[in-house]
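> The structure file structure_1.cif (mmCIF, C-alpha atoms) is provided below.
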data_my_file
loop_
_atom_site.label_atom_id
_atom_site.label_comp_id
_atom_site.auth_asym_id
_atom_site.auth_seq_id
_atom_site.Cartn_x
_atom_site.Cartn_y
_atom_site.Cartn_z
CA GLY A 1 50.56 -24.17 -19.27
CA GLU A 2 47.70 -22.00 -20.41
CA SER A 3 48.00 -18.32 -19.67
CA VAL A 4 46.39 -15.07 -20.59
CA GLY A 5 48.16 -11.87 -19.81
CA LEU A 6 47.93 -8.19 -20.40
CA HIS A 7 50.90 -6.14 -21.50
CA LEU A 8 50.50 -3.11 -19.28
CA PRO A 9 49.09 -2.84 -15.76
CA THR A 10 48.08 0.80 -16.27
CA LEU A 11 47.07 2.91 -19.27
CA SER A 12 46.49 6.65 -18.99
CA VAL A 13 44.67 8.56 -21.74
CA GLN A 14 43.05 11.91 -22.27
CA GLU A 15 39.30 12.17 -22.57
CA GLY A 16 38.32 11.91 -26.22
CA ASP A 17 41.36 9.90 -27.26
CA ASN A 18 41.15 6.32 -28.45
CA SER A 19 42.39 3.63 -26.04
CA ILE A 20 44.00 0.34 -26.94
CA ILE A 21 44.35 -2.40 -24.35
CA ASN A 22 46.37 -5.45 -25.31
CA CYS A 23 46.30 -9.08 -24.28
CA ALA A 24 48.42 -12.09 -25.17
CA TYR A 25 47.57 -15.75 -24.83
CA SER A 26 49.59 -18.92 -24.97
CA ASN A 27 47.21 -21.65 -26.12
CA SER A 28 46.67 -21.76 -29.87
CA ALA A 29 43.68 -24.09 -29.40
CA SER A 30 41.64 -21.32 -27.83
CA ASP A 31 38.01 -21.11 -28.88
CA TYR A 32 36.70 -17.91 -27.51
CA PHE A 33 37.82 -14.63 -25.94
CA ILE A 34 35.94 -12.18 -23.79
CA TRP A 35 36.67 -8.69 -22.53
CA TYR A 36 35.31 -7.60 -19.15
CA LYS A 37 35.21 -4.19 -17.47
CA GLN A 38 35.49 -3.97 -13.70
CA GLU A 39 34.78 -0.74 -11.88
CA SER A 40 36.16 -0.22 -8.40
CA GLY A 41 34.41 -2.38 -5.79
CA LYS A 42 32.16 -4.08 -8.33
CA GLY A 43 32.04 -7.34 -10.23
CA PRO A 44 33.29 -7.56 -13.84
CA GLN A 45 30.84 -6.75 -16.62
CA PHE A 46 30.84 -8.32 -20.07
CA ILE A 47 31.92 -5.89 -22.80
CA ILE A 48 32.45 -7.87 -25.99
CA ASP A 49 33.48 -11.32 -27.13
CA ILE A 50 35.06 -12.88 -30.19
CA ARG A 51 35.34 -16.42 -31.47
CA SER A 52 38.56 -17.83 -32.80
CA ASN A 53 37.18 -17.98 -36.38
CA MET A 54 36.90 -14.17 -36.45
CA ASP A 55 39.54 -11.43 -36.72
CA LYS A 56 37.47 -8.46 -35.67
CA ARG A 57 34.25 -7.66 -33.94
CA GLN A 58 32.70 -4.28 -33.25
CA GLY A 59 30.34 -3.09 -30.58
CA GLN A 60 29.26 0.30 -29.40
CA ARG A 61 32.48 2.36 -29.25
CA VAL A 62 34.50 -0.84 -28.77
CA THR A 63 36.32 -3.09 -31.20
CA VAL A 64 38.14 -6.32 -30.47
CA LEU A 65 40.88 -7.50 -32.80
CA LEU A 66 42.22 -11.05 -32.75
CA ASN A 67 45.55 -12.00 -34.29
CA LYS A 68 45.90 -15.76 -34.06
CA THR A 69 49.29 -15.76 -35.75
CA VAL A 70 50.93 -13.97 -32.83
CA LYS A 71 48.32 -15.01 -30.24
CA HIS A 72 47.30 -11.48 -29.45
CA LEU A 73 44.05 -9.65 -28.99
CA SER A 74 43.25 -6.04 -28.30
CA LEU A 75 40.36 -3.96 -27.11
CA GLN A 76 39.96 -0.57 -28.74
CA ILE A 77 37.75 2.04 -27.11
CA ALA A 78 36.84 5.00 -29.29
CA ALA A 79 36.49 8.52 -27.87
CA THR A 80 37.34 7.43 -24.34
CA GLN A 81 35.17 8.96 -21.63
CA PRO A 82 35.73 9.36 -17.87
CA GLY A 83 33.13 6.63 -17.33
CA ASP A 84 35.43 4.21 -19.14
CA SER A 85 37.90 4.38 -16.25
CA ALA A 86 38.09 0.86 -14.88
CA VAL A 87 40.14 -2.32 -14.93
CA TYR A 88 39.80 -4.30 -18.15
CA PHE A 89 40.32 -8.07 -18.25
CA CYS A 90 40.65 -10.39 -21.15
CA ALA A 91 39.67 -14.03 -20.72
CA GLY A 92 40.26 -16.98 -22.98
CA ALA A 93 38.39 -20.29 -23.08
CA TRP A 94 40.12 -23.38 -24.40
CA GLY A 95 37.53 -25.98 -25.27
CA SER A 96 35.89 -25.86 -21.85
CA TYR A 97 33.62 -23.41 -20.16
CA ILE A 98 36.23 -22.39 -17.60
CA PRO A 99 37.92 -19.22 -18.88
CA THR A 100 41.42 -18.21 -17.85
CA PHE A 101 41.57 -14.56 -16.85
CA GLY A 102 44.41 -12.11 -17.37
CA ARG A 103 45.57 -9.80 -14.58
CA GLY A 104 43.86 -6.69 -15.89
CA THR A 105 44.85 -3.27 -17.19
CA SER A 106 43.74 -0.23 -15.24
CA LEU A 107 42.49 2.44 -17.66
CA ILE A 108 42.71 5.98 -16.30
CA VAL A 109 40.93 8.68 -18.28
CA HIS A 110 42.02 12.26 -17.62
CA PRO A 111 39.48 15.04 -18.28
CA ASP B 1 15.12 -8.01 -12.63
CA GLY B 2 17.19 -11.12 -13.18
CA GLY B 3 20.59 -11.18 -11.62
CA ILE B 4 23.05 -12.41 -9.05
CA THR B 5 23.03 -11.29 -5.44
CA GLN B 6 26.09 -11.66 -3.26
CA SER B 7 25.92 -10.96 0.44
CA PRO B 8 27.23 -9.51 2.55
CA LYS B 9 29.14 -6.81 0.68
CA TYR B 10 31.73 -6.62 3.48
CA LEU B 11 32.62 -9.39 5.93
CA PHE B 12 35.11 -9.55 8.76
CA ARG B 13 36.49 -12.81 10.07
CA LYS B 14 38.37 -13.52 13.23
CA GLU B 15 41.23 -15.96 13.30
CA GLY B 16 40.03 -19.57 13.49
CA GLN B 17 36.50 -18.73 12.43
CA ASN B 18 34.51 -20.16 9.52
CA VAL B 19 32.42 -17.74 7.49
CA THR B 20 29.91 -18.30 4.69
CA LEU B 21 29.44 -16.07 1.69
CA SER B 22 26.08 -16.13 -0.01
CA CYS B 23 25.42 -16.23 -3.75
CA GLU B 24 21.86 -16.34 -5.10
CA GLN B 25 20.74 -16.10 -8.72
CA ASN B 26 17.41 -15.89 -10.51
CA LEU B 27 18.80 -16.19 -14.04
CA ASN B 28 17.96 -19.89 -14.24
CA HIS B 29 21.59 -20.63 -15.13
CA ASP B 30 22.84 -24.13 -14.45
CA ALA B 31 26.51 -23.28 -13.89
CA MET B 32 27.82 -21.26 -10.96
CA TYR B 33 31.37 -20.31 -10.03
CA TRP B 34 33.37 -18.81 -7.18
CA TYR B 35 36.47 -16.71 -7.88
CA ARG B 36 38.95 -15.03 -5.63
CA GLN B 37 40.52 -11.71 -6.61
CA ASP B 38 43.63 -10.26 -4.98
CA PRO B 39 45.11 -6.82 -5.76
CA GLY B 40 46.94 -6.84 -9.07
CA GLN B 41 45.95 -10.42 -9.76
CA GLY B 42 43.65 -12.10 -12.21
CA LEU B 43 40.62 -14.04 -11.08
CA ARG B 44 41.41 -17.44 -9.60
CA LEU B 45 38.83 -20.20 -9.62
CA ILE B 46 37.93 -21.70 -6.23
CA TYR B 47 34.99 -24.01 -6.98
CA TYR B 48 32.39 -24.45 -9.67
CA SER B 49 29.15 -26.31 -10.12
CA GLN B 50 27.64 -27.29 -13.46
CA ILE B 51 24.48 -28.79 -12.00
CA VAL B 52 22.61 -29.14 -8.72
CA ASN B 53 24.18 -31.51 -6.19
CA ASP B 54 27.48 -31.57 -8.04
CA PHE B 55 30.55 -29.34 -7.78
CA GLN B 56 34.22 -29.44 -8.71
CA LYS B 57 37.40 -28.01 -7.23
CA GLY B 58 39.06 -25.17 -9.03
CA ASP B 59 42.69 -24.07 -8.90
CA ILE B 60 42.70 -22.88 -5.28
CA ALA B 61 40.07 -24.97 -3.45
CA GLU B 62 42.11 -25.66 -0.30
CA GLY B 63 40.54 -24.08 2.77
CA TYR B 64 37.17 -23.55 1.07
CA SER B 65 33.97 -25.58 0.81
CA VAL B 66 30.74 -25.22 -1.16
CA SER B 67 27.33 -26.78 -1.53
CA ARG B 68 24.78 -26.76 -4.36
CA GLU B 69 21.49 -27.98 -2.93
CA LYS B 70 19.40 -25.64 -5.06
CA LYS B 71 19.86 -24.30 -8.56
CA GLU B 72 19.54 -20.75 -7.29
CA SER B 73 22.13 -20.93 -4.51
CA PHE B 74 25.86 -21.65 -4.32
CA PRO B 75 27.25 -20.62 -0.91
CA LEU B 76 30.98 -20.55 -0.24
CA THR B 77 32.41 -21.30 3.20
CA VAL B 78 35.84 -19.98 4.02
CA THR B 79 37.19 -22.28 6.69
CA SER B 80 39.85 -21.71 9.32
CA ALA B 81 42.15 -23.86 7.16
CA GLN B 82 42.39 -21.00 4.67
CA LYS B 83 45.42 -19.14 6.01
CA ASN B 84 45.18 -16.04 3.88
CA PRO B 85 41.48 -15.40 3.28
CA THR B 86 41.54 -11.62 2.94
CA ALA B 87 40.39 -10.98 -0.65
CA PHE B 88 37.52 -9.94 -2.87
CA TYR B 89 35.25 -12.90 -3.67
CA LEU B 90 33.19 -13.03 -6.83
CA CYS B 91 30.36 -15.35 -7.71
CA ALA B 92 29.39 -15.87 -11.34
CA THR B 93 26.85 -17.79 -13.36
CA ARG B 94 26.84 -18.98 -16.95
CA ASP B 95 24.07 -19.85 -19.33
CA SER B 96 24.59 -23.35 -20.76
CA ASN B 97 24.71 -22.00 -24.33
CA SER B 98 27.33 -19.34 -23.70
CA TYR B 99 30.92 -18.94 -22.61
CA GLY B 100 30.25 -15.59 -20.98
CA TYR B 101 29.81 -15.13 -17.27
CA THR B 102 27.45 -12.89 -15.34
CA PHE B 103 29.15 -11.73 -12.16
CA GLY B 104 27.78 -10.66 -8.82
CA SER B 105 28.93 -7.48 -7.12
CA GLY B 106 31.35 -9.29 -4.83
CA THR B 107 32.05 -9.75 -1.14
CA ARG B 108 35.14 -8.24 0.43
CA LEU B 109 36.40 -10.46 3.23
CA THR B 110 38.89 -9.16 5.77
CA VAL B 111 40.58 -11.05 8.59
CA VAL B 112 40.75 -9.07 11.81
#
Would you write out, as structure tokens, the structure that this file holds?

Amino acid sequence: GESVGLHLPTLSVQEGDNSIINCAYSNSASDYFIWYKQESGKGPQFIIDIRSNMDKRQGQRVTVLLNKTVKHLSLQIAATQPGDSAVYFCAGAWGSYIPTFGRGTSLIVHP
Amino acid sequence: DGGITQSPKYLFRKEGQNVTLSCEQNLNHDAMYWYRQDPGQGLRLIYYSQIVNDFQKGDIAEGYSVSREKKESFPLTVTSAQKNPTAFYLCATRDSNSYGYTFGSGTRLTVV
């Protein structure tokens, strides 16, 4: 069945380093991918999205890369800051408006 | 400001009791969703509604019920049939021209 998963439950980085959070998906018919950030005790917030006809998309300090050949996407955060500490989810939508969410990677930024 | 309001933030339920979680939005979005989040798990879909007076079961609808009498409101009732209701519940809306969700701040339900 369809699935979206993240490779690592936890990622620890030093402040100022670049962070890379990975996600794999199983359905090659996927249309759209979204990254969300969830801080403790709060609802997820939209970070960036990418359509399946794109390989890369950049936002403010964030870049999402999509590799359809190996069904993999990643979220890169430049110059990671303590405020980036949160759980990051990827979600994939396959022709419907009901995304499938991964389990999340907890990003811990050490000062 | 436009947004989604979930209430209460914390809720305690006794065994055998039904409780209702509120979700209100002023974003004028047609679609609304309820998700359940457990520690270390992804978000699991409980119910969703694409339009007023219509709703569909998600992956884990057993023990839950919803209504959609108004566009702005999509309350979730956790019934006594839900044997393991302790979780963080998230309501979300979606604009009809977008895949992306806007989430509320969540309700943490605990069985006591």
> With a distance cut-off of 7 Å and only C-alpha atoms, select the neighbouring residues of B:Thr79, excluding the residue or stretch itself and same-chain residues fewer than 3 positions from it, and output the selection as number ranges by chain.
B: 17-19, 63-64, 82
> Just checking: using all atoms listed in the file, which residue out of B:Ser65, B:Thr107, B:Ser98, B:Gln41 ends up closest to chain A?
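Smallest distance to chain A is found for B:Gln41.
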> Between A:Gly16, A:Gly59, A:Pro111, A:Gly43, which is the closest to chain B once you count all atoms listed in the file?
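Closest to chain B, using all atoms listed in the file: A:Gly43.
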> Write out as a VMD selection string every residue belonging to chain A that has an atom at most 12 Å from any atom of chain B, counting only C-alpha atoms.
chain A and resid 3 to 6 8 to 10 31 to 51 87 to 106
> Report as number ranges by chain the residues that result from applying the PyMOL selection byres ((chain A and resi 19) around 8) to the structure here.
A: 13, 17-18, 20-21, 75-80
> Fewer than 4 positions away in the same chain doesn't count, so skip those; otherwise give me all residues within 7 Å of B:Thr5, counting only C-alpha atoms, as a list in words.
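What passes the distance filter is Cys23, Glu24, Gln25 and Gly104 of chain B.
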> Take the point (43.2, -13.1, 14.1) in the file's coordinates, draw a sphere of radius 12 Å around it, and report as a list in words every protein, DNA or RNA residue with an atom inside or on it, counting all atoms listed in the file.
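The requested residues, written out, are Phe12, Arg13, Lys14, Glu15, Gly16, Gln17, Ser80, Lys83, Asn84, Pro85, Thr86, Thr110, Val111 and Val112 of chain B.
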> Counting all atoms listed in the file, figure out which residue out of A:Ile108, A:Cys23, A:Ala29, A:Leu11 gets nearest to A:Leu66.
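Of A:Ile108, A:Cys23, A:Ala29, A:Leu11, the one nearest A:Leu66 is A:Cys23, counting all atoms listed in the file.
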> Determine the residue set returned by the PyMOL selection byres ((chain B and resi 73) around 8) for the present structure, and present it as a short mmCIF file (atom, residue, chain, number, x, y, z; two decimals) with C-alpha atoms, in the frame of the given file.

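expr.cif written:
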data_model
loop_
_atom_site.label_atom_id
_atom_site.label_comp_id
_atom_site.auth_asym_id
_atom_site.auth_seq_id
_atom_site.Cartn_x
_atom_site.Cartn_y
_atom_site.Cartn_z
CA SER B 22 26.08 -16.13 -0.01
CA CYS B 23 25.42 -16.23 -3.75
CA GLU B 24 21.86 -16.34 -5.10
CA GLN B 25 20.74 -16.10 -8.72
CA ARG B 68 24.78 -26.76 -4.36
CA GLU B 69 21.49 -27.98 -2.93
CA LYS B 70 19.40 -25.64 -5.06
CA LYS B 71 19.86 -24.30 -8.56
CA GLU B 72 19.54 -20.75 -7.29
CA PHE B 74 25.86 -21.65 -4.32
CA PRO B 75 27.25 -20.62 -0.91
#
> Measure the distance from atom CA of A:Gln14 to atom CA of A:His110 in Å and round it to one decimal.
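Distance between the two atoms: 4.8 Å.
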> In Å, how far is it from atom CA of B:Pro8 to atom CA of B:Ala87?
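Distance between the two atoms: 13.6 Å.
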> Grab the atom CA of A:Thr69 to atom CA of A:Asn22 distance for me, in Å with one decimal place.
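Calculated distance between atom CA of A:Thr69 and atom CA of A:Asn22 is 15.0 Å.
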> So for stretch 86-105 of chain B, what box centre and size do we get, axis-aligned, 4 Å extra on each of the six sides, every listed atom, Å to one decimal, as JSON?

{"center_x": 32.8, "center_y": -15.4, "center_z": -10.7, "size_x": 25.5, "size_y": 23.9, "size_z": 35.3}
> Taking into account all atoms listed in the file, which residue in the set A:Val109, A:His72, A:Ser85, A:Gln60 is nearest to A:Ala24?
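Looking only at the distances to A:Ala24, the closest residue turns out to be A:His72.
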